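Q: I'm passing along query-v5.cif; it holds mmCIF, C-alpha atoms and all ligand atoms.
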data_data
loop_
_atom_site.label_atom_id
_atom_site.label_comp_id
_atom_site.auth_asym_id
_atom_site.auth_seq_id
_atom_site.Cartn_x
_atom_site.Cartn_y
_atom_site.Cartn_z
CA MET A 1175 0.99 -6.94 -12.07
CA LEU A 1176 0.95 -3.72 -14.08
CA VAL A 1177 -1.28 -0.70 -13.40
CA ARG A 1178 -2.01 2.06 -15.92
CA LEU A 1179 -1.87 5.27 -13.92
CA TYR A 1180 -3.64 7.22 -16.66
CA ALA A 1181 -6.76 5.05 -16.17
CA LEU A 1182 -7.22 5.19 -12.39
CA PRO A 1183 -10.52 5.58 -10.56
CA VAL A 1184 -10.82 8.96 -8.81
CA GLY A 1185 -9.60 8.81 -5.23
CA GLU A 1186 -11.38 11.75 -3.62
CA PRO A 1187 -14.90 10.21 -3.43
CA LEU A 1188 -13.38 7.05 -1.93
CA ARG A 1189 -11.58 9.08 0.76
CA ALA A 1190 -14.66 11.22 1.43
CA ALA A 1191 -16.88 8.17 1.97
CA LEU A 1192 -14.41 6.73 4.48
CA ALA A 1193 -13.97 10.09 6.23
CA GLU A 1194 -17.72 10.06 6.96
CA GLN A 1195 -17.10 6.80 8.84
CA GLY A 1196 -14.15 8.26 10.74
CA VAL A 1197 -11.40 6.69 8.63
CA LEU A 1198 -8.83 9.13 7.22
CA VAL A 1199 -6.58 8.20 4.28
CA ARG A 1200 -3.52 10.44 4.02
CA PRO A 1201 0.28 10.45 3.66
CA CYS A 1202 2.31 9.17 6.62
CA ARG A 1203 4.63 11.78 8.10
CA PRO A 1204 8.17 11.05 9.30
CA PHE A 1205 7.40 11.75 12.96
CA GLU A 1206 4.74 9.01 12.87
CA MET A 1207 7.08 6.27 11.67
CA HIS A 1208 7.50 4.46 15.00
CA ALA A 1209 3.76 4.10 15.51
CA VAL A 1210 3.26 2.74 12.00
CA GLU A 1211 6.26 0.40 12.23
CA GLU A 1212 4.97 -1.09 15.45
CA TRP A 1213 1.55 -1.67 13.87
CA ILE A 1214 2.96 -3.24 10.68
CA ALA A 1215 5.22 -5.58 12.70
CA ARG A 1216 2.35 -6.64 14.96
CA THR A 1217 -0.22 -7.02 12.17
CA PHE A 1218 1.93 -8.27 9.26
CA SER A 1219 5.72 -8.83 9.37
CA THR A 1220 9.11 -7.28 10.07
CA ARG A 1221 9.91 -7.74 6.37
CA TRP A 1222 7.17 -5.24 5.58
CA VAL A 1223 8.59 -2.91 8.24
CA SER A 1224 11.86 -2.91 6.27
CA GLU A 1225 10.05 -1.91 3.09
CA PHE A 1226 8.05 0.76 4.95
CA GLN A 1227 11.32 2.25 6.24
CA VAL A 1228 12.64 2.58 2.69
CA ALA A 1229 9.36 4.16 1.55
CA MET A 1230 9.72 6.74 4.32
CA ALA A 1231 13.40 7.40 3.58
CA HIS A 1232 12.72 9.49 0.49
CA GLN A 1233 10.90 12.76 -0.08
CA PRO A 1234 8.06 13.03 -0.80
CA CYS A 1235 7.47 10.09 1.55
CA GLY A 1236 6.15 6.97 -0.11
CA CYS A 1237 3.54 5.70 2.32
CA ILE A 1238 -0.19 6.38 2.57
CA ILE A 1239 -1.85 5.38 5.83
CA ALA A 1240 -5.42 4.95 7.02
CA THR A 1241 -6.22 6.05 10.56
CA GLN A 1242 -9.26 5.70 12.78
CA GLY A 1243 -9.12 7.98 15.79
CA LYS A 1244 -5.50 7.76 16.88
CA ARG A 1245 -5.04 4.22 15.52
CA VAL A 1246 -3.37 3.03 12.33
CA VAL A 1247 -5.73 0.77 10.37
CA GLY A 1248 -3.99 0.48 7.00
CA PHE A 1249 -0.93 1.35 4.92
CA ALA A 1250 0.26 1.33 1.32
CA CYS A 1251 3.89 1.95 0.31
CA PHE A 1252 5.35 3.00 -3.03
CA ASP A 1253 8.90 3.38 -4.33
CA ALA A 1254 9.99 1.05 -1.52
CA THR A 1255 10.84 -2.41 -2.86
CA ALA A 1256 12.05 -0.91 -6.13
CA ARG A 1257 11.40 2.29 -8.05
CA GLY A 1258 7.98 2.29 -9.60
CA PHE A 1259 6.74 -0.50 -7.32
CA ILE A 1260 3.60 -0.19 -5.20
CA GLY A 1261 3.37 -2.24 -2.00
CA PRO A 1262 3.49 -3.70 0.48
CA MET A 1263 0.03 -2.73 1.66
CA GLY A 1264 -2.42 -4.02 4.21
CA VAL A 1265 -5.60 -3.25 6.14
CA ASP A 1266 -6.56 -4.08 9.74
CA PRO A 1267 -8.35 -7.47 9.54
CA ALA A 1268 -11.37 -6.01 11.37
CA LEU A 1269 -11.89 -3.33 8.69
CA ARG A 1270 -11.44 -5.37 5.52
CA GLN A 1271 -14.04 -5.43 2.74
CA GLY A 1272 -15.06 -1.87 3.63
CA GLY A 1273 -13.22 0.08 0.93
CA VAL A 1274 -10.12 1.01 2.95
CA GLY A 1275 -7.78 -1.07 0.77
CA LYS A 1276 -9.09 0.45 -2.46
CA ALA A 1277 -8.81 4.00 -1.09
CA LEU A 1278 -5.23 3.38 0.09
CA LEU A 1279 -4.24 1.82 -3.22
CA VAL A 1280 -5.79 4.51 -5.42
CA THR A 1281 -4.36 7.31 -3.26
CA ALA A 1282 -0.84 5.85 -3.38
CA LEU A 1283 -1.14 5.42 -7.15
CA GLU A 1284 -2.35 9.02 -7.54
CA HIS A 1285 0.80 10.14 -5.72
CA MET A 1286 2.94 8.06 -8.09
CA ARG A 1287 1.18 9.60 -11.09
CA ALA A 1288 1.81 13.08 -9.69
CA MET A 1289 5.50 12.20 -9.41
CA GLY A 1290 5.59 11.49 -13.15
CA TYR A 1291 5.04 7.76 -13.44
CA ALA A 1292 2.75 6.48 -16.20
CA TYR A 1293 2.64 2.89 -14.91
CA ALA A 1294 3.12 1.18 -11.55
CA VAL A 1295 4.22 -2.37 -10.81
CA ILE A 1296 2.58 -4.37 -8.04
CA GLY A 1297 5.54 -6.46 -6.98
CA GLY A 1298 4.16 -9.01 -4.53
CA THR A 1299 0.51 -9.17 -5.45
CA GLY A 1300 -1.08 -11.59 -2.98
CA PRO A 1301 -4.78 -11.28 -3.85
CA GLN A 1302 -4.59 -10.54 -7.60
CA GLU A 1303 -8.39 -10.28 -7.82
CA PHE A 1304 -8.31 -7.27 -5.47
CA TYR A 1305 -5.89 -5.39 -7.76
CA ALA A 1306 -7.72 -6.39 -10.95
CA ARG A 1307 -11.09 -5.23 -9.57
CA THR A 1308 -9.93 -1.99 -7.99
CA VAL A 1309 -7.45 -0.57 -10.53
CA GLY A 1310 -7.63 -2.86 -13.57
CA ALA A 1311 -4.19 -4.38 -12.91
CA THR A 1312 -2.99 -7.06 -15.30
CA VAL A 1313 -0.52 -9.90 -14.75
CA ILE A 1314 3.06 -9.50 -15.98
CA GLU A 1315 3.82 -12.99 -17.30
CA GLY A 1316 6.96 -14.76 -16.08
CA SER A 1317 7.44 -12.50 -13.05
CA ASP A 1318 6.79 -14.90 -10.16
CA PRO A 1319 8.85 -14.88 -7.92
CA GLY A 1320 10.56 -12.19 -10.01
CA PHE A 1321 12.31 -9.65 -7.83
CA TYR A 1322 11.43 -11.63 -4.67
CA ALA A 1323 13.60 -14.73 -5.32
CA ASP A 1324 16.07 -16.01 -2.69
CA ILE A 1325 14.85 -13.88 0.25
CA LEU A 1326 16.68 -14.05 3.58
CA PRO A 1327 14.41 -15.37 6.37
CA GLU A 1328 12.96 -13.04 8.98
CA PRO A 1329 14.72 -13.26 12.35
CA GLY A 1330 13.06 -15.82 14.64
CA ARG A 1331 11.03 -17.47 11.86
C1 LIG B 1401 -5.82 -7.03 0.16
C2 LIG B 1401 -6.35 -6.03 1.20
C3 LIG B 1401 -5.38 -4.87 1.31
C4 LIG B 1401 -7.73 -5.52 0.69
O1 LIG B 1401 -8.18 -4.52 1.62
P1 LIG B 1401 -9.76 -4.26 1.82
O2 LIG B 1401 -9.90 -3.05 2.65
O3 LIG B 1401 -10.41 -5.49 2.31
O4 LIG B 1401 -10.22 -4.00 0.31
P2 LIG B 1401 -11.55 -3.22 -0.18
O5 LIG B 1401 -12.63 -3.37 0.83
O6 LIG B 1401 -11.18 -1.84 -0.57
O7 LIG B 1401 -11.93 -4.07 -1.48
C5 LIG B 1401 -12.08 -3.50 -2.77
C6 LIG B 1401 -12.62 -4.55 -3.71
O8 LIG B 1401 -11.72 -5.67 -3.78
C7 LIG B 1401 -12.37 -6.87 -3.35
N1 LIG B 1401 -11.42 -7.62 -2.52
C8 LIG B 1401 -10.89 -7.25 -1.34
N2 LIG B 1401 -10.04 -8.20 -0.89
C9 LIG B 1401 -10.07 -9.18 -1.81
C10 LIG B 1401 -9.41 -10.43 -1.88
N3 LIG B 1401 -8.58 -10.87 -0.93
N4 LIG B 1401 -9.64 -11.20 -2.97
C11 LIG B 1401 -10.50 -10.78 -3.94
N5 LIG B 1401 -11.15 -9.58 -3.91
C12 LIG B 1401 -10.94 -8.82 -2.85
C13 LIG B 1401 -13.55 -6.40 -2.51
O9 LIG B 1401 -14.56 -7.37 -2.47
C14 LIG B 1401 -13.96 -5.14 -3.25
O10 LIG B 1401 -14.67 -5.49 -4.41
P3 LIG B 1401 -15.94 -4.59 -4.93
O11 LIG B 1401 -15.38 -3.21 -5.17
O12 LIG B 1401 -16.37 -5.29 -6.16
O13 LIG B 1401 -16.91 -4.61 -3.81
C15 LIG B 1401 -6.58 -6.71 2.58
O14 LIG B 1401 -7.36 -7.86 2.41
C16 LIG B 1401 -5.28 -7.10 3.30
O15 LIG B 1401 -4.73 -6.33 4.06
N6 LIG B 1401 -4.82 -8.36 3.06
C17 LIG B 1401 -3.60 -8.86 3.74
C18 LIG B 1401 -2.34 -8.20 3.21
C19 LIG B 1401 -2.16 -8.39 1.71
O16 LIG B 1401 -2.41 -9.44 1.15
N7 LIG B 1401 -1.69 -7.31 1.04
C20 LIG B 1401 -1.49 -7.30 -0.40
C21 LIG B 1401 -0.12 -7.78 -0.78
S1 LIG B 1401 1.16 -6.60 -0.38
#
The structure given in the file should be rewritten as structure tokens.

A:
Amino acid sequence: MLVRLYALPVGEPLRAALAEQGVLVRPCRPFEMHAVEEWIARTFSTRWVSEFQVAMAHQPCGCIIATQGKRVVGFACFDATARGFIGPMGVDPALRQGGVGKALLVTALEHMRAMGYAYAVIGGTGPQEFYARTVGATVIEGSDPGFYADILPEPGR
């Protein structure tokens, strides 16, 4: 899917509303990588850990996280799978449908816009309705599986 970064919703009110509930949305820092990797592996997959590692291997780092207390409850990567791509992203199952995903997505896209991108590509979309509702993303025809063809299996699966 394609996102127009010049037509994004404003992120600050989304982050402020979550902060009132104790959920902070902010960039991940390199010295937090192990904690986030462990959470992504446990909650999602080691394949997403690989993409997170690439997102964190460049500066400025390409991952926005959501935290609650000292716990990770969400993440959104950019410039990981390929340049200009957003994702993977995910939210703790217990906190879904509460605005965390939208705040992570919009914040990551704001960072991409600040880096000079005009558009972002959502590579592996999963729930397309989520991206269409939150940031007006539209389908890029003929792009499934696109970049994700012929993937090596995850160890042990
Ligand atoms: C997709 C995901 C990140 C959404 O996070 P979330 O915190 O539940 O999303 P939000 O609460 O911010 O939802 C924002 C809007 O999208 C809608 N929405 C959320 N998940 C949706 C879904 N799976 N399908 C359709 N709409 C969805 C919400 O209802 C809400 O709509 P509204 O603004 O009209 O009320 C989360 O469900 C998730 O982690 N899924 C598993 C991982 C995944 O599929 N990641 C994406 C591919 S990399």

Q: Can you work out which residues are within 8 Å of ligand LIG 1401 (chain B), considering only C-alpha atoms and all ligand atoms, and then hand them over as a ChimeraX atom specification?

A: /A:1218,1248,1261-1267,1269-1278,1297-1305,1307-1308

Q: Please produce a file of the residues just selected, as a tab-separated table (two decimals), keeping the file's coordinate frame, where the atoms kept are C-alpha atoms.

A:
chain	number	residue	atom	x	y	z
A	1218	PHE	CA	1.93	-8.27	9.26
A	1248	GLY	CA	-3.99	0.48	7.00
A	1261	GLY	CA	3.37	-2.24	-2.00
A	1262	PRO	CA	3.49	-3.70	0.48
A	1263	MET	CA	0.03	-2.73	1.66
A	1264	GLY	CA	-2.42	-4.02	4.21
A	1265	VAL	CA	-5.60	-3.25	6.14
A	1266	ASP	CA	-6.56	-4.08	9.74
A	1267	PRO	CA	-8.35	-7.47	9.54
A	1269	LEU	CA	-11.89	-3.33	8.69
A	1270	ARG	CA	-11.44	-5.37	5.52
A	1271	GLN	CA	-14.04	-5.43	2.74
A	1272	GLY	CA	-15.06	-1.87	3.63
A	1273	GLY	CA	-13.22	0.08	0.93
A	1274	VAL	CA	-10.12	1.01	2.95
A	1275	GLY	CA	-7.78	-1.07	0.77
A	1276	LYS	CA	-9.09	0.45	-2.46
A	1277	ALA	CA	-8.81	4.00	-1.09
A	1278	LEU	CA	-5.23	3.38	0.09
A	1297	GLY	CA	5.54	-6.46	-6.98
A	1298	GLY	CA	4.16	-9.01	-4.53
A	1299	THR	CA	0.51	-9.17	-5.45
A	1300	GLY	CA	-1.08	-11.59	-2.98
A	1301	PRO	CA	-4.78	-11.28	-3.85
A	1302	GLN	CA	-4.59	-10.54	-7.60
A	1303	GLU	CA	-8.39	-10.28	-7.82
A	1304	PHE	CA	-8.31	-7.27	-5.47
A	1305	TYR	CA	-5.89	-5.39	-7.76
A	1307	ARG	CA	-11.09	-5.23	-9.57
A	1308	THR	CA	-9.93	-1.99	-7.99

Q: So which residues fall inside 12 Å of (13.1, -3.9, 8.2) if we count all atoms listed in the file? Mind giving them as number ranges by chain?

A: A: 1211-1212, 1214-1215, 1219-1230, 1254-1255, 1326-1329

Q: Do you know which residues are at most 12 Å from Glu1186 of chain A counting only C-alpha atoms, after dropping those on the same chain fewer than 3 positions away, and could you put them as a list in words?

A: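 Residues near the query, excluding close chain neighbours: Leu1182, Pro1183, Arg1189, Ala1190, Ala1191, Leu1192, Ala1193, Leu1198, Val1199, Arg1200, Lys1276, Ala1277, Leu1278, Val1280, Thr1281 and Glu1284 of chain A.
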
Q: Write out as a PDB file with C-alpha atoms, keeping the file's coordinate frame each polymer residue whose atoms come within 10 Å of Ala1306 of chain A, counting all atoms listed in the file; drop sequence neighbours fewer than 5 positions from it.

A:
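Output below, filename around.pdb:
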ATOM      1  CA  MET A1175       0.990  -6.940 -12.070  1.00  0.00           C
ATOM      2  CA  LEU A1176       0.950  -3.720 -14.080  1.00  0.00           C
ATOM      3  CA  VAL A1177      -1.280  -0.700 -13.400  1.00  0.00           C
ATOM      4  CA  PRO A1301      -4.780 -11.280  -3.850  1.00  0.00           C
ATOM      5  CA  ALA A1311      -4.190  -4.380 -12.910  1.00  0.00           C
ATOM      6  CA  THR A1312      -2.990  -7.060 -15.300  1.00  0.00           C
ATOM      7  CA  VAL A1313      -0.520  -9.900 -14.750  1.00  0.00           C
TER       8      VAL A1313
END

Q: Measuring atom to atom with only C-alpha atoms, identify which of A:Ala1282, A:Leu1188, A:Met1207, A:Ile1325 is nearest to Gly1236 of chain A.

A: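 Looking at the shortest contact to Gly1236 of chain A, the residue is A:Ala1282.
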
Q: With all atoms listed in the file as the atoms that count, which of A:Ala1231, A:Gln1242, A:Ala1288, A:Arg1331 lies nearest to Gln1195 of chain A?

A: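 Residue with the minimum atom-to-atom distance to Gln1195 of chain A: A:Gln1242.
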
Q: Do you have the atom CA of Asp1318 of chain A-atom CA of Tyr1293 of chain A distance handy?

A: 18.9 Å

Q: Report, in Å with one decimal, the straight-line distance from atom CA of Tyr1322 of chain A to atom CA of His1232 of chain A.

A: 21.8 Å

Q: With distances taken over all atoms listed in the file, which residue among A:Phe1205, A:Trp1213, A:Tyr1180, A:Phe1321 lies nearest Arg1257 of chain A?

A: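 Checking each candidate against Arg1257 of chain A, we get A:Phe1321 as the closest.
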
Q: What does the distance from atom CA of Cys1237 of chain A to atom CA of Glu1194 of chain A come to in Å, to one decimal?

A: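 It comes out at 22.2 Å.
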
Q: Can you work out which one of A:Val1210, A:Arg1178, A:Thr1241, A:Gly1310 has the shortest atom-to-atom distance to Gly1258 of chain A, counting all atoms listed in the file?

A: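 When distances to Gly1258 of chain A are compared using all atoms listed in the file, the smallest one comes from A:Arg1178.
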